[in-house]
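J.: So here's protein-v3.cif, just mmCIF, C-alpha atoms:
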data_my_file
loop_
_atom_site.group_PDB
_atom_site.id
_atom_site.type_symbol
_atom_site.label_atom_id
_atom_site.label_comp_id
_atom_site.auth_asym_id
_atom_site.auth_seq_id
_atom_site.Cartn_x
_atom_site.Cartn_y
_atom_site.Cartn_z
ATOM 1 C CA MET X 1 -97.761 -9.919 29.196
ATOM 2 C CA ARG X 2 -99.726 -7.281 27.265
ATOM 3 C CA LEU X 3 -98.442 -5.510 24.173
ATOM 4 C CA LEU X 4 -98.781 -1.730 24.476
ATOM 5 C CA LYS X 5 -99.004 0.252 21.238
ATOM 6 C CA VAL X 6 -97.792 3.860 21.384
ATOM 7 C CA ALA X 7 -98.453 6.371 18.604
ATOM 8 C CA THR X 8 -95.969 9.214 18.231
ATOM 9 C CA CYS X 9 -96.942 12.161 16.079
ATOM 10 C CA ASN X 10 -94.851 14.419 13.902
ATOM 11 C CA LEU X 11 -97.374 16.998 12.759
ATOM 12 C CA ASN X 12 -97.077 19.819 10.225
ATOM 13 C CA GLN X 13 -98.014 22.610 12.647
ATOM 14 C CA TRP X 14 -97.723 26.350 12.008
ATOM 15 C CA ALA X 15 -97.286 29.164 14.512
ATOM 16 C CA ILE X 16 -100.611 30.680 15.599
ATOM 17 C CA ASP X 17 -102.607 28.618 13.059
ATOM 18 C CA PHE X 18 -104.997 27.312 15.695
ATOM 19 C CA ASP X 19 -107.624 25.968 13.276
ATOM 20 C CA SER X 20 -105.218 23.866 11.178
ATOM 21 C CA ASN X 21 -103.148 22.803 14.185
ATOM 22 C CA LEU X 22 -106.289 21.680 16.038
ATOM 23 C CA LYS X 23 -107.509 19.765 12.981
ATOM 24 C CA ASN X 24 -104.117 18.043 12.605
ATOM 25 C CA THR X 25 -104.107 17.190 16.312
ATOM 26 C CA LYS X 26 -107.626 15.730 16.203
ATOM 27 C CA ASP X 27 -106.795 13.755 13.051
ATOM 28 C CA SER X 28 -103.671 12.335 14.699
ATOM 29 C CA VAL X 29 -105.684 11.144 17.721
ATOM 30 C CA THR X 30 -108.239 9.520 15.415
ATOM 31 C CA LYS X 31 -105.483 7.758 13.436
ATOM 32 C CA ALA X 32 -103.779 6.604 16.660
ATOM 33 C CA LYS X 33 -107.057 5.105 17.888
ATOM 34 C CA GLU X 34 -107.673 3.426 14.519
ATOM 35 C CA ALA X 35 -104.173 1.890 14.730
ATOM 36 C CA GLY X 36 -105.028 0.442 18.157
ATOM 37 C CA ALA X 37 -102.704 2.683 20.159
ATOM 38 C CA ALA X 38 -103.239 2.922 23.917
ATOM 39 C CA ILE X 39 -101.057 6.054 24.163
ATOM 40 C CA ARG X 40 -100.761 8.997 21.757
ATOM 41 C CA LEU X 41 -97.763 11.318 22.197
ATOM 42 C CA GLY X 42 -98.004 14.690 20.501
ATOM 43 C CA PRO X 43 -95.180 17.067 19.674
ATOM 44 C CA GLU X 44 -93.997 19.934 21.819
ATOM 45 C CA LEU X 45 -96.267 22.994 21.597
ATOM 46 C CA GLU X 46 -98.428 21.278 18.986
ATOM 47 C CA ILE X 47 -101.539 23.431 19.396
ATOM 48 C CA THR X 48 -99.795 26.812 19.096
ATOM 49 C CA GLY X 49 -96.944 25.706 16.853
ATOM 50 C CA TYR X 50 -93.373 25.875 18.154
ATOM 51 C CA GLY X 51 -92.280 29.100 16.455
ATOM 52 C CA CYS X 52 -94.670 31.611 18.052
ATOM 53 C CA GLU X 53 -91.754 33.512 19.590
ATOM 54 C CA ASP X 54 -93.046 36.636 21.390
ATOM 55 C CA HIS X 55 -96.658 35.617 20.728
ATOM 56 C CA PHE X 56 -96.099 33.184 23.611
ATOM 57 C CA LEU X 57 -96.041 36.284 25.837
ATOM 58 C CA GLU X 58 -99.603 37.169 24.802
ATOM 59 C CA LEU X 59 -102.322 35.855 27.082
ATOM 60 C CA ASP X 60 -104.514 35.282 24.031
ATOM 61 C CA THR X 61 -102.075 32.673 22.647
ATOM 62 C CA VAL X 62 -102.320 30.576 25.801
ATOM 63 C CA THR X 63 -106.086 31.084 26.055
ATOM 64 C CA HIS X 64 -106.671 29.840 22.501
ATOM 65 C CA ALA X 65 -104.311 26.870 22.847
ATOM 66 C CA MET X 66 -104.915 25.612 26.325
ATOM 67 C CA TRP X 67 -108.445 26.407 27.091
ATOM 68 C CA GLU X 68 -110.310 26.781 23.801
ATOM 69 C CA CYS X 69 -108.600 24.138 21.626
ATOM 70 C CA LEU X 70 -108.074 21.646 24.440
ATOM 71 C CA LYS X 71 -111.675 22.112 25.556
ATOM 72 C CA GLU X 72 -112.862 21.270 22.028
ATOM 73 C CA ILE X 73 -110.797 18.070 22.086
ATOM 74 C CA LEU X 74 -111.994 17.074 25.557
ATOM 75 C CA VAL X 75 -115.720 17.589 24.988
ATOM 76 C CA GLY X 76 -115.514 15.363 21.905
ATOM 77 C CA ASP X 77 -114.793 11.646 22.010
ATOM 78 C CA TYR X 78 -111.144 12.027 20.972
ATOM 79 C CA THR X 79 -109.588 10.981 24.299
ATOM 80 C CA ASP X 80 -112.057 8.169 25.000
ATOM 81 C CA GLY X 81 -110.035 5.033 25.650
ATOM 82 C CA ILE X 82 -106.629 6.507 24.798
ATOM 83 C CA LEU X 83 -104.059 8.384 26.885
ATOM 84 C CA CYS X 84 -103.121 11.523 24.946
ATOM 85 C CA SER X 85 -100.249 13.901 25.530
ATOM 86 C CA PHE X 86 -100.833 17.356 24.041
ATOM 87 C CA GLY X 87 -98.033 19.932 23.898
ATOM 88 C CA MET X 88 -99.054 23.484 24.772
ATOM 89 C CA PRO X 89 -98.205 26.535 26.861
ATOM 90 C CA VAL X 90 -99.842 26.748 30.295
ATOM 91 C CA ILE X 91 -99.898 29.617 32.763
ATOM 92 C CA LYS X 92 -99.778 28.706 36.444
ATOM 93 C CA GLY X 93 -99.711 31.584 38.886
ATOM 94 C CA SER X 94 -97.680 34.279 37.172
ATOM 95 C CA GLU X 95 -95.428 31.869 35.260
ATOM 96 C CA ARG X 96 -95.749 30.515 31.729
ATOM 97 C CA TYR X 97 -94.657 26.903 31.201
ATOM 98 C CA ASN X 98 -94.059 24.725 28.133
ATOM 99 C CA CYS X 99 -96.101 21.639 29.053
ATOM 100 C CA GLN X 100 -97.389 18.261 28.093
ATOM 101 C CA VAL X 101 -101.034 17.979 29.088
ATOM 102 C CA LEU X 102 -102.022 14.357 29.704
ATOM 103 C CA CYS X 103 -105.661 13.482 29.048
ATOM 104 C CA ILE X 104 -107.803 10.363 28.938
ATOM 105 C CA ASN X 105 -111.556 9.791 28.813
ATOM 106 C CA ARG X 106 -112.353 13.515 28.532
ATOM 107 C CA LYS X 107 -110.348 14.436 31.646
ATOM 108 C CA ILE X 108 -107.032 16.172 32.212
ATOM 109 C CA ILE X 109 -105.102 13.814 34.479
ATOM 110 C CA MET X 110 -101.846 15.763 34.760
ATOM 111 C CA ILE X 111 -99.989 18.784 33.427
ATOM 112 C CA ARG X 112 -96.236 18.251 33.227
ATOM 113 C CA PRO X 113 -94.060 21.331 32.601
ATOM 114 C CA LYS X 114 -90.578 21.093 31.066
ATOM 115 C CA ILE X 115 -87.793 21.033 33.632
ATOM 116 C CA SER X 116 -85.011 21.885 31.180
ATOM 117 C CA LEU X 117 -85.431 24.562 28.512
ATOM 118 C CA ALA X 118 -83.461 24.997 25.289
ATOM 119 C CA ASN X 119 -81.643 28.325 25.346
ATOM 120 C CA ASP X 120 -78.862 28.291 22.763
ATOM 121 C CA GLY X 121 -78.451 28.523 19.014
ATOM 122 C CA ASN X 122 -81.898 29.040 17.479
ATOM 123 C CA TYR X 123 -83.745 28.380 20.723
ATOM 124 C CA ARG X 124 -84.642 30.990 23.341
ATOM 125 C CA GLU X 125 -87.222 29.188 25.463
ATOM 126 C CA LEU X 126 -86.167 31.059 28.603
ATOM 127 C CA ARG X 127 -87.442 34.244 26.955
ATOM 128 C CA TRP X 128 -91.000 32.854 26.955
ATOM 129 C CA PHE X 129 -91.143 30.051 29.503
ATOM 130 C CA THR X 130 -90.090 29.172 33.028
ATOM 131 C CA ALA X 131 -88.541 25.797 33.808
ATOM 132 C CA TRP X 132 -90.229 23.760 36.554
ATOM 133 C CA LYS X 133 -87.698 23.763 39.389
ATOM 134 C CA GLN X 134 -89.558 21.723 42.017
ATOM 135 C CA LYS X 135 -88.080 18.346 41.095
ATOM 136 C CA ASP X 136 -90.279 15.402 42.071
ATOM 137 C CA GLN X 137 -93.027 17.769 43.209
ATOM 138 C CA VAL X 138 -96.625 17.843 42.045
ATOM 139 C CA VAL X 139 -99.046 20.554 43.169
ATOM 140 C CA ASP X 140 -102.779 20.945 42.735
ATOM 141 C CA SER X 141 -103.735 23.476 40.055
ATOM 142 C CA GLN X 142 -107.178 25.034 39.637
ATOM 143 C CA LEU X 143 -108.696 24.853 36.181
ATOM 144 C CA PRO X 144 -110.430 27.926 34.736
ATOM 145 C CA PHE X 145 -114.183 27.974 35.294
ATOM 146 C CA ASP X 146 -115.003 27.450 31.606
ATOM 147 C CA ILE X 147 -112.887 24.293 31.304
ATOM 148 C CA SER X 148 -113.943 23.097 34.764
ATOM 149 C CA LYS X 149 -117.605 23.322 33.787
ATOM 150 C CA ALA X 150 -117.067 21.659 30.380
ATOM 151 C CA VAL X 151 -115.189 18.623 31.736
ATOM 152 C CA ASN X 152 -116.699 18.504 35.234
ATOM 153 C CA GLN X 153 -113.278 18.790 36.878
ATOM 154 C CA ASP X 154 -112.046 21.526 39.222
ATOM 155 C CA SER X 155 -108.313 20.895 39.500
ATOM 156 C CA VAL X 156 -105.448 18.861 38.094
ATOM 157 C CA PRO X 157 -102.014 17.703 39.330
ATOM 158 C CA PHE X 158 -99.302 20.003 37.955
ATOM 159 C CA GLY X 159 -95.577 19.334 38.115
ATOM 160 C CA TYR X 160 -92.895 16.712 37.820
ATOM 161 C CA GLY X 161 -94.461 13.338 38.450
ATOM 162 C CA PHE X 162 -95.483 10.106 36.815
ATOM 163 C CA ILE X 163 -98.689 8.270 36.022
ATOM 164 C CA GLN X 164 -99.223 4.696 37.060
ATOM 165 C CA PHE X 165 -101.845 2.377 35.592
ATOM 166 C CA LEU X 166 -102.669 -1.190 36.607
ATOM 167 C CA ASP X 167 -100.278 -2.665 34.040
ATOM 168 C CA THR X 168 -97.794 0.126 33.280
#
Output the file's structure in the form of structure tokens.
T.:
Amino acid sequence: MRLLKVATCNLNQWAIDFDSNLKNTKDSVTKAKEAGAAIRLGPELEITGYGCEDHFLELDTVTHAMWECLKEILVGDYTDGILCSFGMPVIKGSERYNCQVLCINRKIIMIRPKISLANDGNYRELRWFTAWKQKDQVVDSQLPFDISKAVNQDSVPFGYGFIQFLDT
């Protein structure tokens, strides 16, 4: 039996503060690796910050988070040898999803959108995001040219699925 160390991160992220949020995210991956973690789980919408509200409706917010910040993480050695889950908004087709982007060894191995959105009290996720309704379905999703070129990967599984490794 093998012991599996998982690092969970509670980061001090701020809405639309891409530089600080990216630095905190990178630092958390580095600390997880130093602690010997095999898996690093980041918080929901960690790159953009959770409280962006209507800024989530701006294409620029998603572009900075998903493609520019994630690209910077992937072209570095941050995900080498560790499965990382990064929380960020992703646009697929004409829909915007609140997702966990799973990466390892400089590749995106899956994008998993939320299937249930908070929509009461202080939370209005349905205003900005669509819930993934295709339960147990994974579809192929094209990556933008810039990211595709940087990570040498054209597409990624997108949807409600699971990842299986040799021992987990």
J.: Name the residues in contact with Lys135 of chain X at a cut-off of 9 Å, using all atoms listed in the file, excluding same-chain residues fewer than 6 positions from it; report them as a ChimeraX atom specification.
T.: /X:115,159-161
J.: Name every residue that the PyMOL selection byres ((chain X and resi 48) around 8) selects in this structure, writing the answer as a PDB file with C-alpha atoms, in the frame of the given file with chains first and numbers rising.
T.:
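Okay, this is what ended up in result.pdb:
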ATOM      1  CA  GLN X  13     -98.014  22.610  12.647  1.00  0.00           C
ATOM      2  CA  TRP X  14     -97.723  26.350  12.008  1.00  0.00           C
ATOM      3  CA  ALA X  15     -97.286  29.164  14.512  1.00  0.00           C
ATOM      4  CA  ILE X  16    -100.611  30.680  15.599  1.00  0.00           C
ATOM      5  CA  ASP X  17    -102.607  28.618  13.059  1.00  0.00           C
ATOM      6  CA  PHE X  18    -104.997  27.312  15.695  1.00  0.00           C
ATOM      7  CA  ASN X  21    -103.148  22.803  14.185  1.00  0.00           C
ATOM      8  CA  LEU X  45     -96.267  22.994  21.597  1.00  0.00           C
ATOM      9  CA  GLU X  46     -98.428  21.278  18.986  1.00  0.00           C
ATOM     10  CA  ILE X  47    -101.539  23.431  19.396  1.00  0.00           C
ATOM     11  CA  GLY X  49     -96.944  25.706  16.853  1.00  0.00           C
ATOM     12  CA  TYR X  50     -93.373  25.875  18.154  1.00  0.00           C
ATOM     13  CA  CYS X  52     -94.670  31.611  18.052  1.00  0.00           C
ATOM     14  CA  THR X  61    -102.075  32.673  22.647  1.00  0.00           C
ATOM     15  CA  ALA X  65    -104.311  26.870  22.847  1.00  0.00           C
ATOM     16  CA  MET X  88     -99.054  23.484  24.772  1.00  0.00           C
ATOM     17  CA  PRO X  89     -98.205  26.535  26.861  1.00  0.00           C
TER      18      PRO X  89
END
J.: Expand the PyMOL selection byres ((chain X and resi 148-155) around 8) into the explicit residue set it covers here, and present it as a ChimeraX atom specification.
T.: /X:71,74-75,106-107,140-147,156-157
J.: What does the file look like for those residues with C-alpha atoms, as a short mmCIF file (atom, residue, chain, number, x, y, z; two decimals), in the coordinates of the input?
T.:
data_model
loop_
_atom_site.label_atom_id
_atom_site.label_comp_id
_atom_site.auth_asym_id
_atom_site.auth_seq_id
_atom_site.Cartn_x
_atom_site.Cartn_y
_atom_site.Cartn_z
CA LYS X 71 -111.68 22.11 25.56
CA LEU X 74 -111.99 17.07 25.56
CA VAL X 75 -115.72 17.59 24.99
CA ARG X 106 -112.35 13.52 28.53
CA LYS X 107 -110.35 14.44 31.65
CA ASP X 140 -102.78 20.94 42.74
CA SER X 141 -103.74 23.48 40.06
CA GLN X 142 -107.18 25.03 39.64
CA LEU X 143 -108.70 24.85 36.18
CA PRO X 144 -110.43 27.93 34.74
CA PHE X 145 -114.18 27.97 35.29
CA ASP X 146 -115.00 27.45 31.61
CA ILE X 147 -112.89 24.29 31.30
CA VAL X 156 -105.45 18.86 38.09
CA PRO X 157 -102.01 17.70 39.33
#
J.: Step by step: start from the point (-110.9, 6.4, 31.3) in the file's coordinates, keep every protein, DNA or RNA residue that has an atom no farther than 7 Å from it, count all atoms listed in the file, and write the set as a PDB file with C-alpha atoms, keeping the file's coordinate frame.
T.:
ATOM      1  CA  ASP X  80    -112.057   8.169  25.000  1.00  0.00           C
ATOM      2  CA  GLY X  81    -110.035   5.033  25.650  1.00  0.00           C
ATOM      3  CA  ILE X 104    -107.803  10.363  28.938  1.00  0.00           C
ATOM      4  CA  ASN X 105    -111.556   9.791  28.813  1.00  0.00           C
TER       5      ASN X 105
END
J.: Using all atoms listed in the file for the distances, tell me which of X:Glu72, X:Gly51, X:Phe162, X:Asp136 is nearest to Arg124 of chain X.
T.: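 Among X:Glu72, X:Gly51, X:Phe162, X:Asp136, it is X:Gly51 that comes nearest to Arg124 of chain X.
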J.: Which residues of segment 59-87 of chain X have any atom within 7 Å of an atom in segment 95-100 of chain X when counting only C-alpha atoms, and what is the closest pair of atoms for each, with the distance in Å to one decimal? Order the rows by chain and rising number and write it as JSON lines.
T.:
{"residue": "X:Ser85", "atom": "CA", "partner": "X:Gln100", "partner_atom": "CA", "distance": 5.8}
{"residue": "X:Phe86", "atom": "CA", "partner": "X:Gln100", "partner_atom": "CA", "distance": 5.4}
{"residue": "X:Gly87", "atom": "CA", "partner": "X:Gln100", "partner_atom": "CA", "distance": 4.6}
J.: Record the distance separating atom CA of Gly36 of chain X and atom CA of Phe165 of chain X, expressed in Å with one decimal.
T.: 17.8 Å
J.: X:Ile109, X:Asp27, X:Met66, X:Arg40: which is nearest Thr8 of chain X, counting only C-alpha atoms?
T.: X:Arg40
J.: From the options X:Val138, X:Phe158, X:Trp132, X:Leu126, which residue's atoms come nearest to Val101 of chain X, counting only C-alpha atoms?
T.: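 Of the candidates, the smallest distance to Val101 of chain X is held by X:Phe158.
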J.: Looking at only C-alpha atoms, which of X:Ala118, X:Leu166, X:Trp128, X:Thr79 is the one that sits closest to Glu53 of chain X?
T.: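 Selected residue with least distance to Glu53 of chain X: X:Trp128.
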J.: What does the structure give for the distance between atom CA of Ala131 of chain X and atom CA of Ser116 of chain X, in Å to one decimal?
T.: 5.9 Å
